[in-house]
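The data block below is query-v1.txt; it holds compact mmCIF, C-alpha atoms and all ligand atoms.
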```
# COMPACT_ATOMS: atom_id res chain seq x y z
CA MET A 1 -95.53 -34.75 -60.83
CA THR A 2 -91.92 -33.57 -60.83
CA GLU A 3 -90.90 -31.26 -63.64
CA THR A 4 -88.89 -33.92 -65.44
CA ASN A 5 -91.91 -36.13 -66.13
CA ALA A 6 -94.41 -33.27 -66.32
CA SER A 7 -96.66 -33.14 -69.35
CA VAL A 8 -95.19 -31.14 -72.22
CA PHE A 9 -98.72 -30.17 -73.27
CA ASP A 10 -99.34 -28.77 -69.76
CA MET A 11 -96.23 -26.68 -70.26
CA ALA A 12 -97.59 -25.33 -73.57
CA MET A 13 -100.90 -24.59 -71.81
CA GLU A 14 -99.16 -22.76 -68.95
CA GLN A 15 -97.34 -20.56 -71.47
CA PHE A 16 -100.64 -19.97 -73.31
CA GLU A 17 -102.47 -18.88 -70.16
CA ALA A 18 -99.72 -16.41 -69.19
CA ALA A 19 -99.98 -14.64 -72.56
CA ALA A 20 -103.78 -14.94 -72.80
CA ASP A 21 -104.14 -13.34 -69.33
CA LEU A 22 -102.09 -10.33 -70.40
CA LEU A 23 -104.23 -10.03 -73.54
CA GLN A 24 -107.31 -10.24 -71.30
CA LEU A 25 -108.66 -12.81 -73.72
CA ASP A 26 -112.33 -13.59 -73.08
CA ASP A 27 -113.23 -17.18 -72.18
CA ASP A 28 -115.19 -17.87 -75.38
CA VAL A 29 -112.23 -17.26 -77.65
CA ARG A 30 -109.68 -18.51 -75.10
CA ASN A 31 -111.24 -21.95 -74.84
CA LYS A 32 -111.85 -22.16 -78.56
CA ILE A 33 -108.24 -21.52 -79.57
CA LYS A 34 -106.47 -23.23 -76.68
CA TYR A 35 -107.10 -26.92 -77.43
CA PRO A 36 -106.23 -28.97 -80.53
CA GLU A 37 -109.01 -29.15 -83.12
CA ARG A 38 -108.26 -32.75 -84.06
CA CYS A 39 -106.00 -35.51 -82.69
CA LEU A 40 -105.48 -38.67 -84.67
CA ILE A 41 -103.85 -41.86 -83.32
CA VAL A 42 -103.02 -44.52 -85.86
CA SER A 43 -101.60 -48.03 -85.82
CA VAL A 44 -98.71 -48.49 -88.22
CA PRO A 45 -97.91 -52.16 -88.91
CA VAL A 46 -94.59 -52.58 -90.70
CA ARG A 47 -92.90 -55.66 -92.18
CA LEU A 48 -89.36 -55.69 -90.74
CA ASP A 49 -86.36 -56.90 -92.73
CA ASP A 50 -86.37 -60.19 -90.78
CA GLY A 51 -89.93 -60.95 -91.92
CA ARG A 52 -91.73 -60.15 -88.64
CA ILE A 53 -94.48 -57.51 -88.49
CA GLN A 54 -94.08 -54.80 -85.86
CA ARG A 55 -96.83 -52.36 -84.88
CA PHE A 56 -95.85 -48.74 -84.23
CA GLU A 57 -98.08 -45.97 -82.94
CA GLY A 58 -98.35 -42.76 -84.97
CA TYR A 59 -99.99 -39.41 -84.35
CA ARG A 60 -101.11 -36.35 -86.28
CA VAL A 61 -102.50 -33.42 -84.33
CA GLN A 62 -104.11 -30.37 -85.94
CA HIS A 63 -104.11 -27.75 -83.26
CA SER A 64 -105.50 -24.88 -85.32
CA THR A 65 -106.73 -24.16 -88.83
CA ALA A 66 -108.06 -20.71 -87.91
CA ARG A 67 -105.54 -18.83 -90.09
CA GLY A 68 -104.89 -21.45 -92.76
CA PRO A 69 -104.09 -25.14 -93.26
CA ALA A 70 -102.46 -26.97 -90.35
CA LYS A 71 -98.67 -26.94 -90.75
CA GLY A 72 -95.90 -28.69 -88.92
CA GLY A 73 -93.27 -31.37 -88.92
CA LEU A 74 -93.26 -35.11 -88.48
CA ARG A 75 -90.96 -36.64 -85.88
CA TYR A 76 -89.60 -40.18 -85.56
CA HIS A 77 -88.33 -40.79 -82.04
CA PRO A 78 -88.74 -43.36 -79.23
CA ARG A 79 -90.15 -40.71 -76.92
CA VAL A 80 -92.93 -39.52 -79.25
CA ASN A 81 -96.39 -39.67 -77.60
CA LEU A 82 -99.73 -37.89 -77.97
CA ASP A 83 -99.00 -35.40 -75.18
CA GLU A 84 -95.77 -34.29 -76.86
CA VAL A 85 -97.31 -34.07 -80.33
CA LYS A 86 -100.20 -31.97 -78.96
CA ALA A 87 -97.71 -29.54 -77.41
CA LEU A 88 -95.61 -29.35 -80.57
CA ALA A 89 -98.75 -28.74 -82.68
CA THR A 90 -99.83 -25.95 -80.31
CA TRP A 91 -96.46 -24.22 -80.61
CA MET A 92 -96.72 -24.43 -84.41
CA THR A 93 -99.98 -22.43 -84.28
CA TRP A 94 -98.36 -19.50 -82.48
CA LYS A 95 -95.16 -19.83 -84.53
CA SER A 96 -96.96 -19.49 -87.89
CA ALA A 97 -98.95 -16.54 -86.54
CA ILE A 98 -95.85 -14.79 -85.10
CA VAL A 99 -94.07 -14.83 -88.47
CA GLY A 100 -97.34 -13.88 -90.19
CA ILE A 101 -97.60 -16.80 -92.61
CA PRO A 102 -101.11 -18.06 -93.50
CA PHE A 103 -100.92 -21.39 -91.72
CA GLY A 104 -102.31 -22.94 -88.58
CA GLY A 105 -100.44 -25.44 -86.44
CA GLY A 106 -100.04 -29.20 -86.66
CA LYS A 107 -97.51 -31.87 -85.81
CA GLY A 108 -97.06 -35.58 -86.27
CA GLY A 109 -94.88 -38.31 -84.96
CA VAL A 110 -94.26 -42.00 -84.89
CA CYS A 111 -92.93 -43.65 -81.76
CA CYS A 112 -89.99 -45.66 -83.11
CA ASN A 113 -86.22 -45.80 -82.99
CA PRO A 114 -85.16 -44.69 -86.48
CA LYS A 115 -81.47 -45.23 -85.65
CA SER A 116 -82.04 -48.97 -85.39
CA MET A 117 -84.19 -49.24 -88.55
CA SER A 118 -83.01 -49.89 -92.11
CA SER A 119 -83.88 -47.53 -94.94
CA GLY A 120 -86.37 -50.10 -96.28
CA GLU A 121 -88.10 -50.34 -92.89
CA LEU A 122 -88.28 -46.55 -92.62
CA GLU A 123 -89.76 -46.33 -96.11
CA ARG A 124 -92.44 -48.93 -95.30
CA LEU A 125 -93.17 -47.17 -91.98
CA THR A 126 -93.52 -43.81 -93.73
CA ARG A 127 -95.75 -45.13 -96.52
CA ARG A 128 -98.09 -46.95 -94.12
CA PHE A 129 -98.25 -43.98 -91.72
CA THR A 130 -99.04 -41.67 -94.67
CA THR A 131 -101.79 -44.03 -95.80
CA GLU A 132 -103.34 -44.01 -92.31
CA ILE A 133 -103.43 -40.19 -92.12
CA LEU A 134 -104.16 -39.67 -95.83
CA PRO A 135 -107.74 -38.36 -95.48
CA PHE A 136 -106.52 -35.67 -93.08
CA ILE A 137 -103.59 -34.20 -95.02
CA GLY A 138 -103.32 -32.26 -98.28
CA PRO A 139 -101.98 -28.95 -99.63
CA GLU A 140 -105.07 -27.10 -98.42
CA LYS A 141 -105.59 -29.11 -95.23
CA ASP A 142 -102.47 -30.10 -93.38
CA ILE A 143 -98.92 -30.06 -94.73
CA PRO A 144 -96.23 -32.16 -92.99
CA ALA A 145 -92.52 -31.27 -93.04
CA PRO A 146 -89.30 -32.65 -91.54
CA ASP A 147 -88.71 -32.56 -87.80
CA ALA A 148 -86.38 -34.55 -85.52
CA TYR A 149 -85.04 -37.63 -87.36
CA THR A 150 -87.05 -37.13 -90.55
CA ASN A 151 -85.56 -35.62 -93.71
CA PRO A 152 -86.19 -34.79 -97.41
CA GLN A 153 -86.20 -38.51 -98.32
CA VAL A 154 -89.03 -39.16 -95.83
CA MET A 155 -90.92 -36.20 -97.37
CA ALA A 156 -90.41 -37.71 -100.84
CA TRP A 157 -91.99 -41.00 -99.67
CA ILE A 158 -94.95 -39.12 -98.19
CA MET A 159 -95.39 -37.09 -101.38
CA ASP A 160 -95.22 -40.24 -103.51
CA THR A 161 -97.66 -42.23 -101.34
CA TYR A 162 -100.14 -39.35 -101.32
CA SER A 163 -99.77 -38.76 -105.06
CA MET A 164 -100.19 -42.44 -105.95
CA ASN A 165 -103.41 -42.56 -103.94
CA LYS A 166 -104.74 -39.42 -105.61
CA GLY A 167 -103.68 -40.55 -109.07
CA TYR A 168 -101.69 -37.41 -109.88
CA CYS A 169 -98.57 -35.66 -108.61
CA VAL A 170 -99.21 -33.44 -105.55
CA PRO A 171 -95.94 -31.73 -104.55
CA GLY A 172 -97.74 -29.24 -102.24
CA VAL A 173 -98.71 -31.96 -99.73
CA VAL A 174 -95.34 -31.71 -97.95
CA THR A 175 -92.53 -29.19 -97.56
CA GLY A 176 -88.88 -29.95 -97.00
CA LYS A 177 -88.95 -32.09 -100.18
CA PRO A 178 -85.82 -32.80 -102.22
CA LEU A 179 -85.15 -30.05 -104.81
CA GLU A 180 -85.78 -32.57 -107.62
CA LEU A 181 -89.39 -32.94 -106.46
CA GLY A 182 -90.16 -29.24 -106.13
CA GLY A 183 -88.40 -28.48 -102.85
CA SER A 184 -87.17 -24.96 -102.20
CA MET A 185 -83.62 -23.71 -102.31
CA GLY A 186 -82.49 -22.98 -98.77
CA ARG A 187 -85.12 -25.12 -96.96
CA ILE A 188 -82.54 -27.50 -95.45
CA GLU A 189 -80.69 -24.75 -93.65
CA ALA A 190 -83.70 -22.52 -93.04
CA THR A 191 -84.20 -23.34 -89.35
CA GLY A 192 -80.53 -22.78 -88.48
CA ARG A 193 -80.36 -19.65 -90.60
CA GLY A 194 -83.49 -18.27 -88.92
CA VAL A 195 -81.92 -18.94 -85.50
CA PHE A 196 -78.80 -17.12 -86.69
CA PHE A 197 -80.85 -14.08 -87.76
CA THR A 198 -82.62 -13.88 -84.39
CA ILE A 199 -79.29 -14.15 -82.53
CA GLY A 200 -78.07 -11.26 -84.72
CA CYS A 201 -81.13 -9.21 -83.70
CA ALA A 202 -80.65 -10.06 -80.00
CA ALA A 203 -76.95 -9.15 -80.15
CA GLU A 204 -77.82 -5.83 -81.77
CA HIS A 205 -80.41 -5.14 -79.05
CA LEU A 206 -77.93 -5.98 -76.28
CA LYS A 207 -75.14 -4.06 -78.05
CA LEU A 208 -72.98 -7.17 -78.42
CA LYS A 209 -70.82 -7.79 -81.48
CA LEU A 210 -71.39 -11.10 -83.28
CA ASP A 211 -67.65 -11.60 -83.79
CA SER A 212 -66.99 -11.36 -80.05
CA LEU A 213 -69.49 -14.04 -79.04
CA GLN A 214 -68.62 -17.40 -77.48
CA VAL A 215 -71.25 -19.99 -78.25
CA CYS A 216 -72.31 -23.41 -76.88
CA VAL A 217 -74.60 -25.64 -78.92
CA GLN A 218 -76.57 -28.55 -77.44
CA GLY A 219 -77.64 -30.82 -80.32
CA PHE A 220 -75.75 -30.93 -83.62
CA GLY A 221 -78.51 -31.91 -86.03
CA ASN A 222 -80.06 -29.90 -88.84
CA ALA A 223 -80.62 -26.76 -86.76
CA GLY A 224 -77.62 -26.83 -84.39
CA SER A 225 -74.96 -27.58 -87.01
CA VAL A 226 -76.16 -24.87 -89.41
CA VAL A 227 -76.38 -22.12 -86.79
CA ALA A 228 -72.91 -23.12 -85.47
CA ARG A 229 -71.47 -22.84 -88.99
CA LEU A 230 -73.11 -19.47 -89.68
CA LEU A 231 -71.99 -18.02 -86.32
CA ASP A 232 -68.45 -19.25 -86.97
CA GLU A 233 -68.51 -17.61 -90.42
CA ALA A 234 -69.64 -14.38 -88.75
CA GLY A 235 -66.56 -14.48 -86.49
CA ALA A 236 -68.13 -15.93 -83.33
CA LYS A 237 -66.37 -18.76 -81.50
CA VAL A 238 -68.22 -22.06 -81.06
CA ILE A 239 -66.56 -23.49 -77.95
CA ALA A 240 -68.71 -26.49 -77.04
CA VAL A 241 -71.01 -28.80 -78.99
CA SER A 242 -72.91 -31.89 -77.91
CA ASP A 243 -75.12 -34.51 -79.53
CA SER A 244 -76.93 -37.58 -78.19
CA GLN A 245 -73.62 -39.54 -78.15
CA GLY A 246 -71.21 -37.07 -76.56
CA CYS A 247 -69.89 -33.56 -76.05
CA VAL A 248 -66.72 -31.79 -77.22
CA TYR A 249 -64.99 -28.58 -76.08
CA ASN A 250 -62.28 -26.28 -77.39
CA GLY A 251 -61.83 -22.89 -75.72
CA ASN A 252 -60.11 -21.56 -78.87
CA GLY A 253 -63.10 -22.44 -81.02
CA LEU A 254 -64.25 -25.59 -82.78
CA PRO A 255 -64.38 -25.54 -86.60
CA PRO A 256 -68.09 -26.31 -87.34
CA GLY A 257 -67.49 -27.22 -90.99
CA LYS A 258 -64.97 -29.92 -90.06
CA LEU A 259 -67.16 -31.04 -87.18
CA ILE A 260 -70.11 -31.53 -89.57
CA ASP A 261 -67.91 -33.66 -91.89
CA TYR A 262 -66.64 -35.63 -88.89
CA LYS A 263 -70.19 -36.28 -87.62
CA ASN A 264 -71.34 -37.32 -91.12
CA ARG A 265 -68.49 -39.87 -91.20
CA THR A 266 -68.67 -41.22 -87.65
CA GLY A 267 -72.25 -40.56 -86.57
CA SER A 268 -71.32 -38.27 -83.66
CA VAL A 269 -69.23 -35.25 -82.64
CA SER A 270 -67.72 -37.44 -79.94
CA GLY A 271 -63.96 -38.03 -80.38
CA PHE A 272 -63.45 -35.04 -82.73
CA PRO A 273 -59.63 -34.60 -82.90
CA GLU A 274 -59.37 -30.81 -82.38
CA SER A 275 -61.26 -30.96 -79.07
CA GLU A 276 -61.38 -32.34 -75.57
CA PRO A 277 -64.30 -34.42 -74.29
CA MET A 278 -66.67 -32.82 -71.80
CA PRO A 279 -69.57 -34.34 -69.82
CA ALA A 280 -72.74 -33.39 -71.74
CA GLU A 281 -74.37 -31.86 -68.60
CA ASP A 282 -71.46 -29.39 -68.28
CA LEU A 283 -72.21 -27.77 -71.65
CA LEU A 284 -75.22 -25.94 -70.23
CA HIS A 285 -73.07 -24.41 -67.50
CA CYS A 286 -70.15 -23.41 -69.69
CA PRO A 287 -69.39 -19.67 -69.42
CA CYS A 288 -70.42 -18.26 -72.81
CA ASP A 289 -72.43 -15.48 -74.45
CA VAL A 290 -74.94 -17.60 -76.36
CA LEU A 291 -76.34 -20.97 -75.36
CA ILE A 292 -78.29 -22.73 -78.11
CA PRO A 293 -80.45 -25.68 -77.01
CA ALA A 294 -80.99 -27.38 -80.38
CA ALA A 295 -82.05 -30.88 -79.31
CA LEU A 296 -85.38 -31.85 -77.73
CA GLU A 297 -87.74 -30.68 -74.97
CA ASP A 298 -86.86 -30.51 -71.27
CA ALA A 299 -83.22 -29.55 -71.76
CA ILE A 300 -83.24 -26.56 -69.39
CA THR A 301 -85.11 -27.45 -66.20
CA GLU A 302 -85.36 -26.17 -62.64
CA ASP A 303 -82.50 -28.55 -61.80
CA ASN A 304 -79.94 -26.99 -64.14
CA ALA A 305 -81.18 -23.47 -64.99
CA ALA A 306 -79.49 -21.73 -62.05
CA GLY A 307 -76.04 -22.75 -63.32
CA ILE A 308 -76.49 -21.25 -66.80
CA ARG A 309 -73.91 -18.54 -67.46
CA ALA A 310 -74.95 -17.40 -70.94
CA ARG A 311 -76.21 -13.89 -71.73
CA ILE A 312 -78.51 -15.14 -74.50
CA VAL A 313 -80.40 -18.43 -74.73
CA ALA A 314 -81.55 -19.07 -78.31
CA GLU A 315 -84.13 -21.87 -78.49
CA ALA A 316 -83.43 -23.67 -81.74
CA ALA A 317 -85.30 -26.70 -80.33
CA ASN A 318 -89.03 -26.73 -79.61
CA GLY A 319 -89.87 -26.52 -75.91
CA PRO A 320 -86.35 -26.90 -74.48
CA THR A 321 -87.05 -24.77 -71.38
CA THR A 322 -89.60 -25.69 -68.70
CA PRO A 323 -91.74 -22.93 -67.11
CA ALA A 324 -89.88 -23.23 -63.77
CA ALA A 325 -86.56 -22.88 -65.58
CA ASP A 326 -87.98 -19.90 -67.46
CA ARG A 327 -88.58 -18.11 -64.16
CA ILE A 328 -85.02 -18.84 -63.01
CA LEU A 329 -83.56 -17.49 -66.26
CA GLN A 330 -85.73 -14.36 -66.02
CA ALA A 331 -84.48 -13.70 -62.48
CA LYS A 332 -80.92 -13.98 -63.82
CA GLU A 333 -81.81 -11.54 -66.63
CA VAL A 334 -80.84 -13.99 -69.34
CA PHE A 335 -82.17 -12.76 -72.71
CA LEU A 336 -84.19 -15.70 -74.03
CA ILE A 337 -85.25 -15.94 -77.67
CA PRO A 338 -88.27 -18.27 -77.43
CA ASP A 339 -88.65 -21.30 -79.73
CA VAL A 340 -91.79 -20.01 -81.46
CA LEU A 341 -89.76 -17.05 -82.72
CA CYS A 342 -86.18 -18.38 -82.71
CA ASN A 343 -86.71 -21.52 -84.82
CA ALA A 344 -89.52 -20.16 -87.02
CA GLY A 345 -87.17 -19.98 -90.02
CA GLY A 346 -87.99 -23.60 -90.87
CA VAL A 347 -91.72 -23.11 -91.23
CA THR A 348 -91.18 -19.74 -92.89
CA VAL A 349 -89.21 -21.31 -95.74
CA SER A 350 -91.76 -24.15 -95.74
CA TYR A 351 -94.32 -21.49 -96.55
CA LEU A 352 -92.09 -20.13 -99.33
CA GLU A 353 -91.73 -23.71 -100.64
CA TRP A 354 -95.51 -24.29 -100.53
CA VAL A 355 -96.10 -21.05 -102.44
CA GLN A 356 -93.56 -22.16 -105.07
CA SER A 357 -94.99 -25.71 -105.21
CA ILE A 358 -98.58 -24.69 -105.84
CA GLN A 359 -97.49 -22.23 -108.52
CA GLN A 360 -94.77 -24.41 -110.10
CA LEU A 361 -92.42 -21.50 -109.61
CA PHE A 362 -88.83 -21.47 -108.33
CA TRP A 363 -86.85 -18.79 -106.58
CA GLU A 364 -83.08 -18.45 -106.28
CA GLU A 365 -81.46 -19.26 -102.93
CA ALA A 366 -80.50 -15.62 -102.36
CA ASP A 367 -84.11 -14.59 -102.88
CA VAL A 368 -85.35 -17.18 -100.36
CA PHE A 369 -82.77 -16.09 -97.77
CA LYS A 370 -83.60 -12.40 -98.27
CA ARG A 371 -87.31 -13.07 -97.71
CA LEU A 372 -86.46 -15.21 -94.69
CA GLN A 373 -84.22 -12.51 -93.22
CA ASN A 374 -86.89 -9.81 -93.66
CA ILE A 375 -89.56 -11.96 -92.01
CA MET A 376 -87.33 -12.99 -89.09
CA ARG A 377 -86.11 -9.45 -88.42
CA GLN A 378 -89.61 -7.99 -88.61
CA SER A 379 -91.03 -10.71 -86.34
CA PHE A 380 -88.22 -10.25 -83.81
CA LYS A 381 -88.88 -6.51 -83.72
CA THR A 382 -92.63 -6.96 -83.23
CA VAL A 383 -92.02 -9.32 -80.28
CA LEU A 384 -89.22 -7.23 -78.76
CA ASP A 385 -91.33 -4.05 -78.88
CA ILE A 386 -94.10 -5.76 -76.90
CA SER A 387 -91.62 -7.25 -74.46
CA VAL A 388 -90.14 -3.79 -73.80
CA ASP A 389 -93.46 -1.88 -73.77
CA ARG A 390 -95.31 -4.32 -71.54
CA LYS A 391 -92.23 -5.32 -69.49
CA VAL A 392 -92.85 -9.01 -70.11
CA PRO A 393 -90.40 -11.79 -71.02
CA MET A 394 -89.80 -12.44 -74.72
CA ARG A 395 -91.67 -15.78 -74.50
CA THR A 396 -94.79 -14.10 -73.16
CA ALA A 397 -94.51 -11.29 -75.72
CA ALA A 398 -94.19 -13.83 -78.55
CA GLY A 399 -97.21 -15.72 -77.20
CA MET A 400 -99.17 -12.47 -77.09
CA VAL A 401 -98.40 -11.71 -80.74
CA GLY A 402 -99.30 -15.22 -81.93
CA ILE A 403 -102.38 -15.69 -79.75
CA GLU A 404 -103.76 -12.24 -80.57
CA ARG A 405 -103.52 -12.94 -84.32
CA VAL A 406 -105.22 -16.34 -83.98
CA ALA A 407 -107.89 -14.80 -81.70
CA ARG A 408 -108.59 -12.06 -84.24
CA ALA A 409 -108.98 -14.57 -87.08
CA THR A 410 -111.23 -16.70 -84.88
CA ARG A 411 -113.51 -13.77 -83.98
CA LEU A 412 -113.76 -12.71 -87.63
CA ARG A 413 -114.68 -16.21 -88.75
CA GLY A 414 -117.31 -16.57 -86.04
CA LEU A 415 -118.69 -19.85 -84.74
CA TYR A 416 -119.89 -22.53 -87.13
CA PRO A 417 -122.74 -23.52 -87.42
N1 LIG A 501 -90.43 -29.01 -87.79
C1 LIG A 501 -90.20 -27.61 -87.99
C2 LIG A 501 -90.71 -26.82 -86.80
O1 LIG A 501 -90.85 -27.34 -85.71
C3 LIG A 501 -90.71 -27.11 -89.32
C4 LIG A 501 -92.18 -27.27 -89.56
C5 LIG A 501 -92.62 -26.96 -90.97
O2 LIG A 501 -91.80 -26.56 -91.78
O3 LIG A 501 -93.80 -27.14 -91.24
O4 LIG A 501 -90.93 -25.64 -86.88
```
Would you mind writing the file's structure down as structure tokens?
Amino acid sequence: MTETNASVFDMAMEQFEAAADLLQLDDDVRNKIKYPERCLIVSVPVRLDDGRIQRFEGYRVQHSTARGPAKGGLRYHPRVNLDEVKALATWMTWKSAIVGIPFGGGKGGVCCNPKSMSSGELERLTRRFTTEILPFIGPEKDIPAPDAYTNPQVMAWIMDTYSMNKGYCVPGVVTGKPLELGGSMGRIEATGRGVFFTIGCAAEHLKLKLDSLQVCVQGFGNAGSVVARLLDEAGAKVIAVSDSQGCVYNGNGLPPGKLIDYKNRTGSVSGFPESEPMPAEDLLHCPCDVLIPAALEDAITEDNAAGIRARIVAEAANGPTTPAADRILQAKEVFLIPDVLCNAGGVTVSYLEWVQSIQQLFWEEADVFKRLQNIMRQSFKTVLDISVDRKVPMRTAAGMVGIERVARATRLRGLYP
């Protein structure tokens, strides 16, 4: 298998083993916490607008419920498959543990092309998928949230379908809901804001000033666009941005706010007036201080890692760097903020939303952001201290923190029956 078609779950397992070895984790606990607890594959038949019925395949994986209910997003994308969802669910387990929130890890997905589907088709897909996984989800069991190409509207449909089946309103079954349905202030920008906080911590550690940084962002969705805007507001210069349709460059700095408006109008950053076009592959090799992969997995591979010229790589996406690429970046002494730490702001505010939902309580945006900042800074410090003490890469250190916490919970709970 070449790296490009290697299993993403194998990659998650390779990262797990590296951290588990350093923790000298015994085989009993190691094998118990390594594999997903439950993997569900469902058929999702949907009536299309033209009257035909199309069958889609959907997945929900609960990797761990050792520390709390399974938690993780739901993705709609043509490349979704069980292997990918298993990997993403595994990363959620360590992510929740690293930021110290009382959740396990889960993930779901439907293999479909949401860009070619109407809103009605997406609603019917979501409602049927929710019905198929209904016995497995719930505020105390498994709580979906947005991920790539799902959004607050999709969460509202899930919440409604679940509630109608139960016979009463259950806002705690999903996070990332619209505010009107009990969503939390700040949830939409939580992932990007969390990435921004970790970049701030990394810059402080490396004695770099935020307002002197040049930044390249691959992927201009919910995470990439928010972190670009916040870095720009902090005085950094966003010089290159790409999305699935194209890539734009401006050495004097792109204005992220205008770029977001432009993308909302046209569907892509491509053709943005205050920029020049650039081949998307060149973005990764652009000389800059911070490179932010904010798209999908397999972005930084052994084929392109050697050309990276950034000082910091901040993984806003899940699994953007393959293990072989990791080794190349380490040899180049690139400071990598691993996904399970870097993008944990999303699930952290999901936890704050869940707490508010089950108590029918609402916090101000500033309060949510303050809590998020404290959790991100504390988590970064915990991981950095281990990385420095044990002389291991940040990814391994983060894995050690997450795995150790899950292992401890697992030992305390013991083996049932
Ligand atoms: N999809 C996001 C992630 O990968 C958020 C998950 C959540 O809020 O549960 O972390």
**Request:** Please provide the set of residues having any atom within 10 Å of Tyr351 (chain A), restricted to all atoms listed in the file, with same-chain residues fewer than 2 positions apart removed, written as a PyMOL selection string.
**Result:** chain A and resi 71+96+101-103+143+175+184+187+345-349+353-357
**Asked** Using only C-alpha atoms and all ligand atoms, which of the listed residues (A:Leu329, A:Val174, A:Leu210, A:Ala305) sits closest to ligand LIG 501 (chain A)?
**Response** A:Val174
**Expected answer as a count of residues only: residues within 6 Å of ligand LIG 501 (chain A), all atoms listed in the file** = 11
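Using all atoms listed in the file, the shortest contact distance between Gly120 (chain A) and any of A:Trp91, A:Trp157, A:Phe380, A:Phe196 is found at A:Trp157.
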**Request:** Starting from the point (-74.3, -26.3, -80.2), work out which residues of protein, DNA or RNA have an atom no more than 12 Å away when counting all atoms listed in the file; state them as a PyMOL selection string.
**Result:** chain A and resi 192+195+214-232+237-244+246-249+253-256+259-260+269+280+283-284+286+288+290-295+313-317
**d(CA of Phe369 (chain A), CA of Gly100 (chain A)) in Å** =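 According to the coordinates, CA of Phe369 (chain A) and CA of Gly100 (chain A) are separated by 16.6 Å.
Distances from A:Leu361, A:Leu206, A:Ala156, A:Leu22 to Glu180 (chain A) were compared using all atoms listed in the file, and the smallest one belongs to A:Ala156.
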**Point-to-point distance from CA of Glu333 (chain A) to CA of Gln378 (chain A), Å rounded to tenths** =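 Taking CA of Glu333 (chain A) and CA of Gln378 (chain A), their separation equals 23.6 Å.
With all atoms listed in the file as the atoms that count, the residue of A:Asp282, A:Glu276, A:Asp385, A:Glu204 with the shortest distance to Ile312 (chain A) is A:Glu204.
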**Message:** Please compute the CA of Arg193 (chain A)-CA of Ala366 (chain A) distance, one decimal, in Å.
**Reply:**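 Distance reported for this atom pair: 12.4 Å.
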**Message:** Which residue is closest to Glu123 (chain A)? Choose from A:Val154, A:Cys201, A:Tyr59, A:Gln330 and count only C-alpha atoms.
**Reply:**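 Answer, going by the shortest atom-to-atom distance: A:Val154.
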Residue contacts of Phe129 (chain A) (10 Å, all atoms listed in the file) excluding same-chain residues fewer than 3 positions away, as an mmCIF file with C-alpha atoms, in the coordinates of the input:
```
data_model
loop_
_atom_site.group_PDB
_atom_site.id
_atom_site.type_symbol
_atom_site.label_atom_id
_atom_site.label_comp_id
_atom_site.auth_asym_id
_atom_site.auth_seq_id
_atom_site.Cartn_x
_atom_site.Cartn_y
_atom_site.Cartn_z
ATOM 1 C CA VAL A 42 -103.020 -44.520 -85.860
ATOM 2 C CA SER A 43 -101.600 -48.030 -85.820
ATOM 3 C CA VAL A 44 -98.710 -48.490 -88.220
ATOM 4 C CA PRO A 45 -97.910 -52.160 -88.910
ATOM 5 C CA VAL A 46 -94.590 -52.580 -90.700
ATOM 6 C CA PHE A 56 -95.850 -48.740 -84.230
ATOM 7 C CA GLU A 57 -98.080 -45.970 -82.940
ATOM 8 C CA GLY A 58 -98.350 -42.760 -84.970
ATOM 9 C CA TYR A 59 -99.990 -39.410 -84.350
ATOM 10 C CA ARG A 60 -101.110 -36.350 -86.280
ATOM 11 C CA GLY A 109 -94.880 -38.310 -84.960
ATOM 12 C CA VAL A 110 -94.260 -42.000 -84.890
ATOM 13 C CA GLU A 123 -89.760 -46.330 -96.110
ATOM 14 C CA ARG A 124 -92.440 -48.930 -95.300
ATOM 15 C CA LEU A 125 -93.170 -47.170 -91.980
ATOM 16 C CA THR A 126 -93.520 -43.810 -93.730
ATOM 17 C CA GLU A 132 -103.340 -44.010 -92.310
ATOM 18 C CA ILE A 133 -103.430 -40.190 -92.120
ATOM 19 C CA LEU A 134 -104.160 -39.670 -95.830
ATOM 20 C CA ILE A 158 -94.950 -39.120 -98.190
ATOM 21 C CA THR A 161 -97.660 -42.230 -101.340
#
```
**Prompt:** Any idea what's packed within 8 Å of region 388-401 of chain A, counting all atoms listed in the file, ignoring anything in its chain fewer than 2 positions away? Could you give it as a VMD selection string?
**Reply:** chain A and resid 15 to 16 18 to 20 22 to 23 94 97 to 98 330 335 to 338 340 to 341 382 to 386 403 to 405
**Request:** Could you give me, as a VMD selection string, the residues that have an atom at most 8 Å away from the point (-73.4, -13.0, -69.4) in the coordinates of the file, using all atoms listed in the file?
**Result:** chain A and resid 287 to 289 309 to 312 334
**Item:** Which of A:Lys107, A:Lys209, A:Arg47, A:Arg75 sits closest to Asn151 (chain A) [using all atoms listed in the file]
**Value:**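 Ranking A:Lys107, A:Lys209, A:Arg47, A:Arg75 by distance to Asn151 (chain A), first place goes to A:Arg75.
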**Request:** Give me the residues within 6 Å of region 33-38 of chain A as a ChimeraX atom specification, counting only C-alpha atoms and dropping any in the same chain fewer than 2 places off.
**Result:** /A:30-31,61-64
Where is the centre and how long are the edges: axis-aligned box on region 16-30 of chain A, 3 Å on each side, Å to one decimal, as AutoDock Vina command-line options:
```
--center_x -107.5 --center_y -15.0 --center_z -73.4 --size_x 21.5 --size_y 15.9 --size_z 14.5
```
